[in-house]
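K.L.:
Have a look at this one before I ask anything.
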Amino acid sequence: MTDVPAASIGKPPASVMRHGAVALGIALAVFILFWKFGEDLAPWAFDYPKAQIVPAARWITQFTKWLINDATFGLFTFTDLTRFIAAVINFPYQLVLSLLETGVMSGRGSNAVQYLPPVSWIAVTAIVTLMGLYAGGRRLAVIVALCFLFLAVFGQWSSAMVTLASILVAVPLGVVGGLLLGIGAYRWRWLERALLPVLDLMQTIPVFAYLVPILFLFGFGATAAVVATLIYAMPPMTRVTMLALRQVPPDVRDLGNMIGCTRHQMTWRVLVPSAKDSLLVGMNQVIMLSLNMVIIASMIGAGGLGFDVLAALRRLDFGAGLESGFAIVALAIALDRLSQAFANRTAKPVPETKPRGFVARHPYLLAALVFVVITGVAGLFFPAIQAYPEGLQLSTGTFWSRVVEWINVNFFDALEAFKNALLLNVLIPFKRFLLGLPWAGVVAFLAVAGWVLRGPGLALLVAGLTFLIAATGQWEKAMITTYLCGISVLFASLIGVPIGIAAAEKDRLWRVVQVAIDTLQTLPSFVYLMPAVMLFRVGDFTAMIAVVAYSIVPAIRYSVLGIQRVDPRLVEAGKAMGCTEWQLLTRIKLKLAMPEIMLGLNQTIMFALSMLVITALVGTRDLGQEVYIALTKADPGRGLVAGLAVAFIAIVSDRLISAGAARTRARLGIAEEVR
Amino acid sequence: MSPPEAKLVCRNIWKLFGHGAQEFLEKSGGNPTFEQLSDAGLVSAVRSVDLSVHEGEIFVIMGLSGSGKSTLVRCLSRLIEPTAGEILFHGENLLAASDAKMIEIRRHKMGMVFQHFALLPHMTVLANVAFPLEVQGVGRAEREERARQMISLVGLNGREEAYPRQLSGGQQQRVGIARSLAVEPELWFLDEPFSALDPLIRREMQDEFIRLQSVLKKTIVFITHDFDEAIRLADRIAIMKDGEIVQAGTPEDIVLNPATDYVQEFTRAVPRAKVVRVRSAMQPVGGDAPTAAVSAHATIAEAAPLFLQGAERLRVTGADGETLGELRRADVIDLVLQG
């Protein structure tokens with residue numbers, strides 16, 4: 001209620017718009033002149049002088065070392081703190097892990113004695129199936145059961161349970177942590193102001209970059225992986241909580257005050273329950289992000305399915321890698337559908353009368369317990385009940401290896417020709433072009449663009465961030481990142497936007513496309529590498545294929561959304577004027593959907609950047625590789641600086657595109673969407 | 001009738017939105033113009049409002065959207081902190097009350113009904129109605145007993161275990177009303193309680209509200225943007241425009257003597273006969289007193305059928321049956337024909 005209604009949010013007058021375009025044109029002309037003829041005049045503007053490079057990486061590394069060796073809070077040292085956190089996380093992790101995978105053990109190594117076996121595969125499958133039945137009905141139960149059976153039948157059970165254990169520990173911690181942070185930010189303005197930039201940064205900084213310091217602080221192992229997962233999955237939950245609380249109707253907040261709620265009652269009895277639906281959606285996000293991260297964190301010792309994929313990638317054993325990849329997909333689908341069903345369940349009406357008595361009220365819980373006990377006891381006598389019998393396991397590993405072999409034998413020439421043609425005619429020239437640009441010119445040009453699109457603040461931000469990339473000596477690698485990202489986004493848009501436009505017009509097509517992109521979106525990014533490597537081996541081209549596959553989702557989704565949101569009355573008016581279908585599309589729908597499509601482009605870039613870093617595994621030479629190398633060398637400074645550079649690229653493109661979209665929206669007279 | 005006691009009095013209430021509002025108001029001598037405010041980057045939602053609400057009356061604040069009525073009612077309960085002014089509840093200044101004191105007052109002496117119901121979606125009807133008591137720490141048995149009484153008072157028996165989303169809009173607002181009454185408030189705020197309902201349901205809820213008030217006799221501040229609703233329900237009306245009260249009085253006052261053109265716009269379509277009371281239309285008794293009698297408090301519309309029996313004049317009686325004057329057929333026809 002304290003917001004002052006803005007006096008007039010008018011659109012900028014046409015003359016200002018034109019001036020902006022002219023200014024950009026002049027800036028571009030100057031930039032091209034400088035690029036063509038300026039190299040002799042100002043060589044420093046082309047190659048950042050080595051002597052001036054800020055040794056930020058060294059500083060950060062020294063700082064981390066100081067943290068670990070000398071930092072103290074008086075009563076305890078920093079290392080004590082990290083050890084404490086590790087212990088707090090390790091305890092539940094070990095508990096869950098022994099339940100699902102190792103069983104209750106005593107002793108270490110080969111002397112270990114197993115007192116109790118882990119929960120049997122049948123019982124776990126039964127539990128998730130019952131959960132499916134409870135939350136979503138028979139259909140969901142079948143899907144979930146098939147997913148878990150897949151894990152058992154294809155010999156992925158043990159790895160999958162390790163991965164599941166990490167998720168089961170990380171998700172509650174992440175949800176509670178994010179919820180508390182979000183509530184705090186909602187309650188205290190200063191905390192919100194402090195958190196927002198951090199959240200922005202966390203969303204754009206590549207995951208590898210903070211794996212390095214975590215590795216440094218927590219050592220190699222599952223605990224470090226859970227910490228990384230928490231850090232990765234908590235920001236979205238925080239954001240969702242802040243948004244959800246703010247969206248609670250003002251009437252409900254007034255009600256809380258009117259009946260004399262204390263602050264505590266207001267938060268926990270009124271606001272949080274009212275926002276429950278949105279918060280559950282946030283929980284689904286946390287689960288999916290955790291899965292994604294647990295897979296990636298196999299690099300710092302998470303083990304499980306991610307490790308299997310990683311190991312297979314290193315051996316170039318496509319069959320095994322693909323199989324683990326399928327297992328990840330199965331786990332992802334099961335988790336996603338289950339958590340979504342739980343989120344939707346609360347929205348459905350509940351029967352008005354509740355049965356009394358424990359058994360009547362908790363049939364599912366009881367059934368699950370019975371299953372665990374019966375299969376546990378039976379498992380002691382029949383090993384096949386305890387662990388899926390090895391003799392019945394199927395392996396498609398060799399089959400997939402043969403498929404790849406067959407493809408390579410029969411289509412090698414065609415694939416190679418396609419790859420080379422694109423590399424020689426598009427990728428390499430574009431890379432050369434970007435690498436030849438003077439960094440000072442790029443900084444100046446981006447500043448002008450920022451100024452024209454929004455004002456001096458944005459100009460300062462983009463110029464400052466771009467300059468920092470150059471000043472820390474990463475210009476060349478950053479340009480390679482830009483090139484790979486740019487090319488991938490171009491292809492993703494070229495494929496995705498037309499699909500989106502076609503799907504927006506045809507309901508049946510949209511339903512098919514929707515299922516496809518929903519599934520694509522739940523897949524952890526690691527999974528995308530496997531098929532790309534299989535077909536094209538390592539290199540820039542492979543990276544590009546994986547990035548395009550990963551980032552095509554937002555390109556499609558936002559195009560569909562943009563066109564579907566065009567006011568149907570305007571389309572009707574167009575029809576009444578006698579527009580052809582083509583005119584309707586190009587003159588009305590696409591024009592009005594443009595801001596939304598631009599936002600889609602923005603998201604595509606963000607997706608591409610986050611995937612690009614992971615493609616370092618298939619041999620790129622960009623900032624992602626830099627981070628990856630830092631990870632293998634455990635050099636936190638190098639990793640963070642390169643990671644921040646990726647984040648800066650993301651922030652610069654995000655801010656510029658958002659400003660552009662806002663301008664377009666103002667010009668079209670469409671009100672800014674309330675987010 | 002003795003002059004009713006003022007339950008809630010507010011003096012010179014201001015609410016300005018924007019930075020440094022309080023200092024600005026003090027500097028400008030307490031009565032800035034719209035120009036001065038917009039120069040300072042401030043927006044005034046409530047300007048210099050004085051009003052008093054009497055024990056047991058329905059006081060309606062009527063205004064169009066943006067007139068500041070919702071802000072004003074939130075100032076009265078201090079859901080919004082007024083920039084300046086005094087709010088006396090039983091002679092005690094609410095603006096000087098501590099947070100703990102305010103929580104106490106709201107818990108036991110105030111109730112509020114909201115335009116969009118503000119029911120908690122995760123609770124049953126019973127739990128929603130019992131919620132204000134639960135917040136106070138009243139035990140389960142006692143609060144549910146009380147909540148059941150309230151639910152039956154608003155005619156929702158049998159729906160105690162339903163969830164809000166399973167109810168129609170009208171039923172949801174009945175729950176909202178039951179909830180606001182659960183603490184037996186002395187002061188009852190209703191913020192556009194019927195605006196979100198369909199016209200037919202609205203009418204039905206207004207009748208229900210009149211029935212409830214005839215039983216409960218609460219002191220009520222009722223907010224609406226609907227002038228007809230205000231006329232129907234109010235003992236007294238205050239009409240707001242641009243944050244100021246442009247006129248306050250009984251419905252009859254306002255319809256007969258609109259203070260400004262703005263008020264007149266609203267009154268134009270109101271049938272006079274339904275608002276004007278016999279007392280205002282009567283004349284001194286000329287000649288012998290007529291036998292048929294009508295109360296001075298009745299509206300003309302209520303008196304009119306009595307003329308159908310052929311009487312030319314009606315005797316107007318006071319509360320104790322004494323003769324105050326007479327009502328003439330011609331005057332009534334004039335009034336009815338005026339619309």
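Identifiers for the structure tokens are assigned positionally: chains receive A, B, ... in sequence, residues are indexed from 1 per chain, and ligands are indexed from 1 in the order shown.
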I want to know what sits within 10 Å of range 30-36 of chain A, based on only C-alpha atoms, with residues of the same chain fewer than 2 positions away left out; could you give that as a list of chain:residue names?

P.N.:
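Once the nearby chain positions are removed, what remains is A:Leu24, A:Gly25, A:Ile26, A:Ala27, A:Leu28, A:Gly38, A:Glu39, A:Asp40, A:Leu41, A:Ala42, A:Ala45, A:Phe46, A:Gly436, A:Leu437, A:Pro438, A:Trp439, A:Ala440, A:Gly441, A:Val442, A:Ala444, A:Phe445.
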
K.L.:
Under the rule that only C-alpha atoms are counted, which of B:Gln172, B:Asn157, B:Gln149, B:Ser38 is the nearest residue to chain A?

P.N.:
B:Ser38

K.L.:
Find the residue from B:Arg236, B:Lys217, B:His225, B:His108 that sits nearest to chain A; use only C-alpha atoms when measuring.

P.N.:
B:His108

K.L.:
Please list as a compact mmCIF listing (two decimals) with C-alpha atoms, in the first residue's frame every residue within 7 Å of Ala182 in chain B, counting only C-alpha atoms and excluding residues in the same chain fewer than 6 positions away.

P.N.:
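part00.txt written:
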# COMPACT_ATOMS: atom_id res chain seq x y z
CA VAL B 129 -14.78 -19.09 11.65
CA ARG B 146 -18.79 -20.52 19.41
CA ALA B 147 -18.01 -20.96 15.70
CA MET B 150 -21.98 -18.11 14.35

K.L.:
Compare B:Ile223, B:Ala259, B:Val278, B:Val332 by their minimum atom-to-atom distance to Glu192 in chain B, counting only C-alpha atoms, and give me the closest one.

P.N.:
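Closest to Glu192 in chain B, using only C-alpha atoms: B:Ile223.
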